[in-house]
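For reference, my_file22.cif (mmCIF, C-alpha atoms and all ligand atoms):
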```cif
data_coords
loop_
_atom_site.group_PDB
_atom_site.id
_atom_site.type_symbol
_atom_site.label_atom_id
_atom_site.label_comp_id
_atom_site.auth_asym_id
_atom_site.auth_seq_id
_atom_site.Cartn_x
_atom_site.Cartn_y
_atom_site.Cartn_z
ATOM 1 C CA MET A 1 79.821 1.283 21.587
ATOM 2 C CA ARG A 2 80.281 2.332 25.206
ATOM 3 C CA LEU A 3 79.337 6.031 24.914
ATOM 4 C CA GLU A 4 76.661 5.852 22.217
ATOM 5 C CA GLY A 5 74.376 8.920 22.367
ATOM 6 C CA LYS A 6 76.447 10.669 25.050
ATOM 7 C CA VAL A 7 77.671 14.263 24.876
ATOM 8 C CA ALA A 8 81.114 14.986 26.343
ATOM 9 C CA ILE A 9 82.985 18.201 27.042
ATOM 10 C CA ILE A 10 86.753 17.881 27.368
ATOM 11 C CA THR A 11 88.658 20.974 28.463
ATOM 12 C CA GLY A 12 92.229 21.037 27.207
ATOM 13 C CA GLY A 13 91.051 18.645 24.497
ATOM 14 C CA SER A 14 93.351 20.066 21.840
ATOM 15 C CA LEU A 15 96.557 18.313 22.908
ATOM 16 C CA GLY A 16 98.062 15.425 24.842
ATOM 17 C CA ILE A 17 95.868 13.513 27.281
ATOM 18 C CA GLY A 18 92.755 15.581 26.475
ATOM 19 C CA LEU A 19 93.049 14.999 22.743
ATOM 20 C CA GLU A 20 93.555 11.230 23.122
ATOM 21 C CA THR A 21 90.572 11.144 25.473
ATOM 22 C CA ALA A 22 88.446 13.004 22.926
ATOM 23 C CA ILE A 23 89.457 10.566 20.173
ATOM 24 C CA ARG A 24 88.747 7.564 22.441
ATOM 25 C CA PHE A 25 85.312 8.912 23.421
ATOM 26 C CA ALA A 26 84.458 9.699 19.778
ATOM 27 C CA LYS A 27 85.414 6.134 18.767
ATOM 28 C CA GLU A 28 82.938 4.908 21.385
ATOM 29 C CA GLY A 29 80.092 6.962 19.904
ATOM 30 C CA ALA A 30 80.190 10.172 21.964
ATOM 31 C CA LYS A 31 79.668 13.637 20.544
ATOM 32 C CA VAL A 32 82.699 15.576 21.764
ATOM 33 C CA ALA A 33 83.304 19.262 22.398
ATOM 34 C CA ILE A 34 86.926 20.197 22.942
ATOM 35 C CA ALA A 35 88.011 23.459 24.541
ATOM 36 C CA GLY A 36 91.351 25.224 24.771
ATOM 37 C CA ARG A 37 92.959 28.608 24.196
ATOM 38 C CA GLY A 38 94.975 27.979 21.018
ATOM 39 C CA LEU A 39 92.854 28.036 17.867
ATOM 40 C CA THR A 40 95.335 26.238 15.610
ATOM 41 C CA ALA A 41 95.745 23.343 18.043
ATOM 42 C CA LEU A 42 91.954 23.091 18.393
ATOM 43 C CA GLU A 43 91.463 22.933 14.615
ATOM 44 C CA GLU A 44 94.214 20.337 14.189
ATOM 45 C CA ALA A 45 92.708 18.259 16.997
ATOM 46 C CA ALA A 46 89.224 18.489 15.494
ATOM 47 C CA SER A 47 90.486 17.226 12.159
ATOM 48 C CA LEU A 48 92.044 14.206 13.915
ATOM 49 C CA ILE A 49 88.786 13.501 15.772
ATOM 50 C CA ARG A 50 86.838 13.786 12.494
ATOM 51 C CA ASN A 51 88.756 10.714 11.254
ATOM 52 C CA VAL A 52 86.575 8.726 13.664
ATOM 53 C CA SER A 53 83.425 10.863 14.056
ATOM 54 C CA SER A 54 81.717 13.843 12.459
ATOM 55 C CA GLU A 55 80.172 14.881 15.794
ATOM 56 C CA VAL A 56 82.852 17.234 17.087
ATOM 57 C CA MET A 57 82.873 20.873 18.056
ATOM 58 C CA THR A 58 85.640 23.206 19.139
ATOM 59 C CA ALA A 59 85.502 26.182 21.482
ATOM 60 C CA GLN A 60 88.217 28.718 22.128
ATOM 61 C CA VAL A 61 88.010 28.987 25.908
ATOM 62 C CA ASP A 62 90.240 30.029 28.761
ATOM 63 C CA VAL A 63 88.903 27.969 31.674
ATOM 64 C CA GLN A 64 89.873 30.694 34.153
ATOM 65 C CA ALA A 65 87.056 32.901 32.834
ATOM 66 C CA LYS A 66 83.535 32.068 34.028
ATOM 67 C CA SER A 67 81.913 33.847 31.073
ATOM 68 C CA GLN A 68 83.905 31.699 28.616
ATOM 69 C CA VAL A 69 83.136 28.454 30.446
ATOM 70 C CA ASP A 70 79.423 29.369 30.547
ATOM 71 C CA ARG A 71 79.450 30.170 26.810
ATOM 72 C CA LEU A 72 81.041 26.771 26.093
ATOM 73 C CA VAL A 73 78.323 24.926 28.008
ATOM 74 C CA ASP A 74 75.575 27.064 26.421
ATOM 75 C CA GLU A 75 76.874 26.271 22.918
ATOM 76 C CA VAL A 76 77.056 22.547 23.623
ATOM 77 C CA ILE A 77 73.505 22.486 25.040
ATOM 78 C CA GLU A 78 72.222 24.517 22.095
ATOM 79 C CA ARG A 79 73.809 22.111 19.626
ATOM 80 C CA TRP A 80 73.341 18.730 21.277
ATOM 81 C CA GLY A 81 70.722 19.327 24.009
ATOM 82 C CA ALA A 82 72.570 17.974 27.063
ATOM 83 C CA VAL A 83 75.965 17.235 28.639
ATOM 84 C CA HIS A 84 76.505 13.726 30.032
ATOM 85 C CA ILE A 85 80.286 13.734 30.541
ATOM 86 C CA LEU A 86 82.720 16.465 31.574
ATOM 87 C CA VAL A 87 86.464 15.951 31.660
ATOM 88 C CA ASN A 88 88.147 18.812 33.511
ATOM 89 C CA ASN A 89 91.511 18.240 31.909
ATOM 90 C CA ALA A 90 92.915 21.700 31.065
ATOM 91 C CA GLY A 91 96.042 22.200 33.099
ATOM 92 C CA ILE A 92 99.440 23.809 33.403
ATOM 93 C CA CYS A 93 102.547 22.808 35.337
ATOM 94 C CA GLY A 94 105.404 25.206 35.988
ATOM 95 C CA LEU A 95 108.663 24.218 37.643
ATOM 96 C CA SER A 96 109.904 26.430 40.428
ATOM 97 C CA SER A 97 111.414 26.014 43.867
ATOM 98 C CA PHE A 98 108.978 26.882 46.651
ATOM 99 C CA LEU A 99 110.918 30.038 47.537
ATOM 100 C CA ASP A 100 110.877 31.261 43.938
ATOM 101 C CA ILE A 101 107.190 30.766 43.144
ATOM 102 C CA THR A 102 105.789 34.197 42.322
ATOM 103 C CA GLU A 103 102.322 35.354 43.285
ATOM 104 C CA LYS A 104 101.464 35.425 39.562
ATOM 105 C CA ASP A 105 102.598 31.780 39.077
ATOM 106 C CA TRP A 106 100.640 30.712 42.155
ATOM 107 C CA ASP A 107 97.462 32.460 41.034
ATOM 108 C CA GLU A 108 97.734 31.126 37.485
ATOM 109 C CA HIS A 109 98.056 27.509 38.685
ATOM 110 C CA MET A 110 95.111 27.910 41.072
ATOM 111 C CA ASN A 111 92.986 29.610 38.435
ATOM 112 C CA VAL A 112 93.622 27.242 35.518
ATOM 113 C CA ASN A 113 93.899 23.883 37.303
ATOM 114 C CA LEU A 114 91.522 24.324 40.239
ATOM 115 C CA LYS A 115 89.169 27.259 39.641
ATOM 116 C CA GLY A 116 88.707 26.174 36.017
ATOM 117 C CA ALA A 117 87.590 22.734 37.216
ATOM 118 C CA PHE A 118 85.254 24.310 39.780
ATOM 119 C CA LEU A 119 83.660 26.654 37.219
ATOM 120 C CA ALA A 120 83.048 23.981 34.600
ATOM 121 C CA GLY A 121 82.063 21.366 37.191
ATOM 122 C CA GLN A 122 79.494 23.613 38.837
ATOM 123 C CA ARG A 123 77.949 24.768 35.558
ATOM 124 C CA VAL A 124 77.763 21.273 34.058
ATOM 125 C CA ALA A 125 76.449 19.741 37.296
ATOM 126 C CA ARG A 126 73.600 22.287 37.288
ATOM 127 C CA GLU A 127 72.720 21.311 33.702
ATOM 128 C CA MET A 128 72.803 17.605 34.562
ATOM 129 C CA MET A 129 70.551 18.188 37.583
ATOM 130 C CA GLU A 130 68.060 20.379 35.732
ATOM 131 C CA ARG A 131 67.801 17.947 32.842
ATOM 132 C CA GLY A 132 67.717 14.912 35.124
ATOM 133 C CA THR A 133 70.247 13.130 32.941
ATOM 134 C CA GLY A 134 72.824 12.305 35.609
ATOM 135 C CA GLY A 135 76.350 12.055 34.337
ATOM 136 C CA SER A 136 80.031 11.536 34.934
ATOM 137 C CA ILE A 137 82.489 14.298 35.813
ATOM 138 C CA ILE A 138 86.174 13.425 35.670
ATOM 139 C CA HIS A 139 88.938 15.581 37.104
ATOM 140 C CA MET A 140 92.292 15.065 35.425
ATOM 141 C CA SER A 141 94.292 15.239 38.612
ATOM 142 C CA SER A 142 97.741 13.691 39.103
ATOM 143 C CA VAL A 143 99.858 11.559 41.377
ATOM 144 C CA ASN A 144 101.081 15.006 42.487
ATOM 145 C CA GLY A 145 97.718 15.327 44.218
ATOM 146 C CA ILE A 146 98.605 12.331 46.403
ATOM 147 C CA LYS A 147 102.338 12.830 47.051
ATOM 148 C CA ALA A 148 104.407 16.022 46.903
ATOM 149 C CA GLU A 149 107.080 16.529 44.257
ATOM 150 C CA ALA A 150 109.840 19.117 44.688
ATOM 151 C CA MET A 151 109.803 22.197 42.442
ATOM 152 C CA GLN A 152 106.031 21.872 41.993
ATOM 153 C CA ALA A 153 104.409 23.100 45.234
ATOM 154 C CA HIS A 154 101.824 25.190 43.376
ATOM 155 C CA TYR A 155 100.993 22.349 40.975
ATOM 156 C CA ASN A 156 100.869 19.754 43.797
ATOM 157 C CA VAL A 157 98.376 21.902 45.717
ATOM 158 C CA THR A 158 96.072 22.302 42.713
ATOM 159 C CA LYS A 159 95.985 18.546 42.146
ATOM 160 C CA GLY A 160 95.408 17.772 45.835
ATOM 161 C CA GLY A 161 92.593 20.311 45.640
ATOM 162 C CA MET A 162 91.124 18.581 42.600
ATOM 163 C CA ASN A 163 91.032 15.291 44.492
ATOM 164 C CA LEU A 164 89.096 16.876 47.358
ATOM 165 C CA LEU A 165 86.895 18.795 44.932
ATOM 166 C CA SER A 166 85.989 15.436 43.367
ATOM 167 C CA MET A 167 85.062 13.937 46.750
ATOM 168 C CA SER A 168 83.130 17.056 47.818
ATOM 169 C CA MET A 169 81.157 17.150 44.574
ATOM 170 C CA ALA A 170 80.625 13.384 44.651
ATOM 171 C CA LEU A 171 79.014 13.627 48.102
ATOM 172 C CA GLU A 172 76.537 16.318 47.122
ATOM 173 C CA LEU A 173 75.777 15.186 43.591
ATOM 174 C CA ALA A 174 75.321 11.438 44.148
ATOM 175 C CA PRO A 175 71.544 11.821 44.817
ATOM 176 C CA TYR A 176 71.193 13.267 41.296
ATOM 177 C CA GLY A 177 72.958 10.383 39.584
ATOM 178 C CA ILE A 178 76.067 12.477 38.952
ATOM 179 C CA ARG A 179 79.322 10.650 39.604
ATOM 180 C CA VAL A 180 82.535 12.612 40.172
ATOM 181 C CA ASN A 181 85.932 10.922 40.117
ATOM 182 C CA ALA A 182 89.562 11.995 39.867
ATOM 183 C CA LEU A 183 92.001 10.354 37.486
ATOM 184 C CA CYS A 184 95.585 10.561 38.712
ATOM 185 C CA PRO A 185 98.129 9.942 35.952
ATOM 186 C CA GLY A 186 101.808 9.482 36.632
ATOM 187 C CA PHE A 187 104.387 10.703 34.120
ATOM 188 C CA ILE A 188 102.842 10.824 30.655
ATOM 189 C CA GLU A 189 104.565 11.780 27.398
ATOM 190 C CA THR A 190 102.987 15.082 26.273
ATOM 191 C CA ARG A 191 103.900 18.734 25.661
ATOM 192 C CA LEU A 192 103.808 19.211 29.435
ATOM 193 C CA THR A 193 106.662 16.755 30.008
ATOM 194 C CA LYS A 194 108.602 17.372 26.776
ATOM 195 C CA SER A 195 111.543 19.218 28.328
ATOM 196 C CA LEU A 196 112.351 16.247 30.590
ATOM 197 C CA ILE A 197 111.674 13.660 27.888
ATOM 198 C CA ASP A 198 114.024 15.490 25.512
ATOM 199 C CA ASP A 199 116.874 15.299 28.053
ATOM 200 C CA PRO A 200 118.209 11.708 27.719
ATOM 201 C CA ARG A 201 120.122 11.645 30.995
ATOM 202 C CA ALA A 202 117.344 13.250 33.069
ATOM 203 C CA ILE A 203 114.625 11.006 31.660
ATOM 204 C CA ALA A 204 116.739 7.862 32.201
ATOM 205 C CA ASP A 205 117.118 8.841 35.869
ATOM 206 C CA TYR A 206 113.449 9.714 36.199
ATOM 207 C CA VAL A 207 112.256 6.413 34.731
ATOM 208 C CA LYS A 208 114.108 4.612 37.561
ATOM 209 C CA THR A 209 111.396 5.983 39.912
ATOM 210 C CA ILE A 210 108.704 4.108 37.954
ATOM 211 C CA PRO A 211 108.430 0.388 38.846
ATOM 212 C CA MET A 212 107.144 -0.479 35.358
ATOM 213 C CA GLY A 213 110.293 1.123 33.930
ATOM 214 C CA ARG A 214 108.756 3.403 31.333
ATOM 215 C CA VAL A 215 106.752 6.597 30.979
ATOM 216 C CA GLY A 216 103.046 6.399 30.179
ATOM 217 C CA GLN A 217 101.289 7.340 26.950
ATOM 218 C CA PRO A 218 98.215 9.589 26.647
ATOM 219 C CA GLU A 219 96.221 6.646 25.218
ATOM 220 C CA GLU A 220 96.705 4.791 28.516
ATOM 221 C CA ILE A 221 95.052 7.658 30.397
ATOM 222 C CA ALA A 222 92.314 7.936 27.782
ATOM 223 C CA ASP A 223 91.410 4.266 28.399
ATOM 224 C CA ALA A 224 91.021 4.971 32.133
ATOM 225 C CA ALA A 225 88.964 8.108 31.374
ATOM 226 C CA LEU A 226 86.689 5.989 29.177
ATOM 227 C CA PHE A 227 86.159 3.580 32.073
ATOM 228 C CA LEU A 228 85.208 6.459 34.411
ATOM 229 C CA ALA A 229 82.943 8.022 31.768
ATOM 230 C CA SER A 230 81.144 4.782 30.934
ATOM 231 C CA ASP A 231 78.589 2.704 32.819
ATOM 232 C CA GLU A 232 81.321 0.185 33.616
ATOM 233 C CA SER A 233 82.207 2.447 36.580
ATOM 234 C CA ARG A 234 78.547 3.063 37.510
ATOM 235 C CA TYR A 235 79.031 2.299 41.238
ATOM 236 C CA MET A 236 82.187 4.437 41.573
ATOM 237 C CA THR A 237 82.143 7.999 42.816
ATOM 238 C CA GLY A 238 84.577 10.151 44.795
ATOM 239 C CA HIS A 239 87.412 7.831 43.823
ATOM 240 C CA ASN A 240 91.027 8.685 42.904
ATOM 241 C CA LEU A 241 92.024 6.337 40.086
ATOM 242 C CA VAL A 242 95.830 6.157 39.881
ATOM 243 C CA VAL A 243 97.388 5.203 36.516
ATOM 244 C CA ASP A 244 101.132 5.594 36.972
ATOM 245 C CA GLY A 245 103.111 2.402 36.305
ATOM 246 C CA GLY A 246 103.359 1.926 40.087
ATOM 247 C CA GLN A 247 105.163 5.189 40.813
ATOM 248 C CA VAL A 248 103.294 6.255 43.979
ATOM 249 C CA ILE A 249 103.583 2.887 45.715
ATOM 250 C CA LYS A 250 107.370 3.129 45.781
ATOM 251 C CA LEU A 251 108.996 4.183 49.076
ATOM 252 C CA ALA A 252 112.537 4.655 47.734
HETATM 253 P P1 LIG B 1 99.354 19.440 27.436
HETATM 254 O O1 LIG B 1 99.781 18.503 26.359
HETATM 255 O O2 LIG B 1 100.180 20.649 27.721
HETATM 256 O O3 LIG B 1 97.835 19.870 27.168
HETATM 257 C C1 LIG B 1 97.215 20.786 28.018
HETATM 258 C C2 LIG B 1 95.875 21.150 27.426
HETATM 259 O O4 LIG B 1 95.227 22.111 28.300
HETATM 260 C C3 LIG B 1 95.991 21.835 26.075
HETATM 261 O O5 LIG B 1 94.892 21.498 25.272
HETATM 262 C C4 LIG B 1 95.949 23.308 26.447
HETATM 263 O O6 LIG B 1 95.548 24.098 25.332
HETATM 264 C C5 LIG B 1 94.911 23.276 27.561
HETATM 265 N N1 LIG B 1 94.964 24.448 28.438
HETATM 266 C C6 LIG B 1 95.996 24.903 29.179
HETATM 267 N N2 LIG B 1 95.640 26.017 29.836
HETATM 268 C C7 LIG B 1 94.351 26.267 29.515
HETATM 269 C C8 LIG B 1 93.419 27.269 29.873
HETATM 270 N N3 LIG B 1 93.745 28.293 30.693
HETATM 271 N N4 LIG B 1 92.163 27.213 29.360
HETATM 272 C C9 LIG B 1 91.816 26.214 28.512
HETATM 273 N N5 LIG B 1 92.646 25.230 28.137
HETATM 274 C C10 LIG B 1 93.906 25.265 28.633
HETATM 275 O O7 LIG B 1 99.255 18.672 28.841
HETATM 276 P P2 LIG B 1 98.851 17.179 29.230
HETATM 277 O O8 LIG B 1 100.085 16.511 29.711
HETATM 278 O O9 LIG B 1 98.023 16.551 28.187
HETATM 279 O O10 LIG B 1 97.989 17.491 30.537
HETATM 280 C C11 LIG B 1 96.579 17.403 30.588
HETATM 281 C C12 LIG B 1 96.157 17.311 32.049
HETATM 282 O O11 LIG B 1 96.720 16.121 32.612
HETATM 283 C C13 LIG B 1 96.626 18.464 32.919
HETATM 284 O O12 LIG B 1 95.630 18.819 33.836
HETATM 285 C C14 LIG B 1 97.814 17.889 33.652
HETATM 286 O O13 LIG B 1 98.048 18.512 34.903
HETATM 287 C C15 LIG B 1 97.379 16.447 33.807
HETATM 288 N N6 LIG B 1 98.492 15.526 34.033
HETATM 289 C C16 LIG B 1 99.481 15.401 33.107
HETATM 290 C C17 LIG B 1 100.540 14.532 33.373
HETATM 291 C C18 LIG B 1 101.675 14.330 32.420
HETATM 292 O O14 LIG B 1 102.666 13.700 32.803
HETATM 293 N N7 LIG B 1 101.598 14.791 31.189
HETATM 294 C C19 LIG B 1 100.558 13.807 34.576
HETATM 295 C C20 LIG B 1 99.525 13.960 35.483
HETATM 296 C C21 LIG B 1 98.488 14.830 35.204
HETATM 297 P P3 LIG B 1 96.015 25.640 25.187
HETATM 298 O O15 LIG B 1 97.402 25.730 25.755
HETATM 299 O O16 LIG B 1 95.926 25.938 23.723
HETATM 300 O O17 LIG B 1 95.002 26.391 25.987
#
```
Take the structure in the file and write it out as structure tokens.
Amino acid sequence: MRLEGKVAIITGGSLGIGLETAIRFAKEGAKVAIAGRGLTALEEAASLIRNVSSEVMTAQVDVQAKSQVDRLVDEVIERWGAVHILVNNAGICGLSSFLDITEKDWDEHMNVNLKGAFLAGQRVAREMMERGTGGSIIHMSSVNGIKAEAMQAHYNVTKGGMNLLSMSMALELAPYGIRVNALCPGFIETRLTKSLIDDPRAIADYVKTIPMGRVGQPEEIADAALFLASDESRYMTGHNLVVDGGQVIKLA
């Protein structure tokens, strides 16, 4: 098993990409802690993960709040003694024209997607350094961090920020054996994309922008996250790994 004996924290691990990543990691022998705000979703996710592993814990956490992120890491260390893998996956994506983005929307996107990743990344990196374990930190970024998409200026900026956060952390943490990479999914079928997927005409048009001609599945991102978490990517740090069916290479 590729993650035998490893401890992983996955924020936003109750649904979608985070949940599939948690299941994938658990199948590979990791102990997984999943964090999110909704208790019911967390409990349902934990029962799915328990089908493959008994080593799972849940934490009701809003990643915008430092005290809650710190409590999550404390609880994981208390229970399992270390953190080897962090997936900063919790995220939101609102749709709004640039001129209509409110200050509240802007702040919420920055706080959940970017500040949440900073808070958890900093706290976990300190633990990894103090314990001398090294580790792998993965930022669930997006192709929207590489190219801009209309109606998503606030989201685009958070994902571009996550890519640079990954590189900045990678530079400073490499001497401690801590690798930091960004994973940039294209369009993946989850709650986040449900409104477009449920509109047959809109999704048919959208899929034309994807050279592989289909949307992606959360399992396909989980496989890439496993690669970044495992020793198979041991010489990779500060990298943006794009998994998007070819969407960002297309000029028109
Ligand atoms: P999703 O199905 O909506 O899941 C989002 C997860 O994040 C849920 O577990 C949610 O739980 C959690 N979350 C949201 N706000 C949170 C907060 N403030 N504190 C803690 N947890 C929070 O979305 P997804 O599609 O799997 O997206 C996961 C990540 O992948 C996001 O960062 C997203 O930007 C990125 N991504 C998605 C796509 C895509 O096409 N789906 C493409 C590129 C990148 P609660 O709501 O209960 O807190």
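With only C-alpha atoms taken into account, the protein and nucleic acid residues at most 6 Å from region 9-18 of chain A (excluding it and anything under 6 positions from it in its own chain) are Val32, Ala33, Ile34, Ala35, Gly36, Ala41, Leu42, Ala45, Leu86, Val87, Asn88, Asn89, Ala90, Thr190 and Pro218 of chain A.
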Atomic distance CA of Arg126 (chain A) - CA of Thr158 (chain A), expressed in Å with one decimal: 23.1 Å
Minimum-distance residue to Leu183 (chain A), chosen among A:Ala225, A:Leu171, A:Ala82, A:Val207 (using all atoms listed in the file): A:Ala225
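Among the candidates A:Ala150, A:Gly177, A:Thr193, A:Asp100, the residue lying nearest to Glu130 (chain A) is A:Gly177 (atoms considered: all atoms listed in the file).
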Hits from the PyMOL selection byres (((chain A and resi 94) around 10) and not hetatm), listed as a ChimeraX atom specification: /A:92-93,95-97,101,105-106,108-109,151-155,192
Save out the residues we just selected, C-alpha atoms, as a PDB file, keeping the file's coordinate frame.
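Result went into out_10.pdb, see below:
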```
ATOM      1  CA  ILE A  92      99.440  23.809  33.403  1.00  0.00           C
ATOM      2  CA  CYS A  93     102.547  22.808  35.337  1.00  0.00           C
ATOM      3  CA  LEU A  95     108.663  24.218  37.643  1.00  0.00           C
ATOM      4  CA  SER A  96     109.904  26.430  40.428  1.00  0.00           C
ATOM      5  CA  SER A  97     111.414  26.014  43.867  1.00  0.00           C
ATOM      6  CA  ILE A 101     107.190  30.766  43.144  1.00  0.00           C
ATOM      7  CA  ASP A 105     102.598  31.780  39.077  1.00  0.00           C
ATOM      8  CA  TRP A 106     100.640  30.712  42.155  1.00  0.00           C
ATOM      9  CA  GLU A 108      97.734  31.126  37.485  1.00  0.00           C
ATOM     10  CA  HIS A 109      98.056  27.509  38.685  1.00  0.00           C
ATOM     11  CA  MET A 151     109.803  22.197  42.442  1.00  0.00           C
ATOM     12  CA  GLN A 152     106.031  21.872  41.993  1.00  0.00           C
ATOM     13  CA  ALA A 153     104.409  23.100  45.234  1.00  0.00           C
ATOM     14  CA  HIS A 154     101.824  25.190  43.376  1.00  0.00           C
ATOM     15  CA  TYR A 155     100.993  22.349  40.975  1.00  0.00           C
ATOM     16  CA  LEU A 192     103.808  19.211  29.435  1.00  0.00           C
TER      17      LEU A 192
END
```
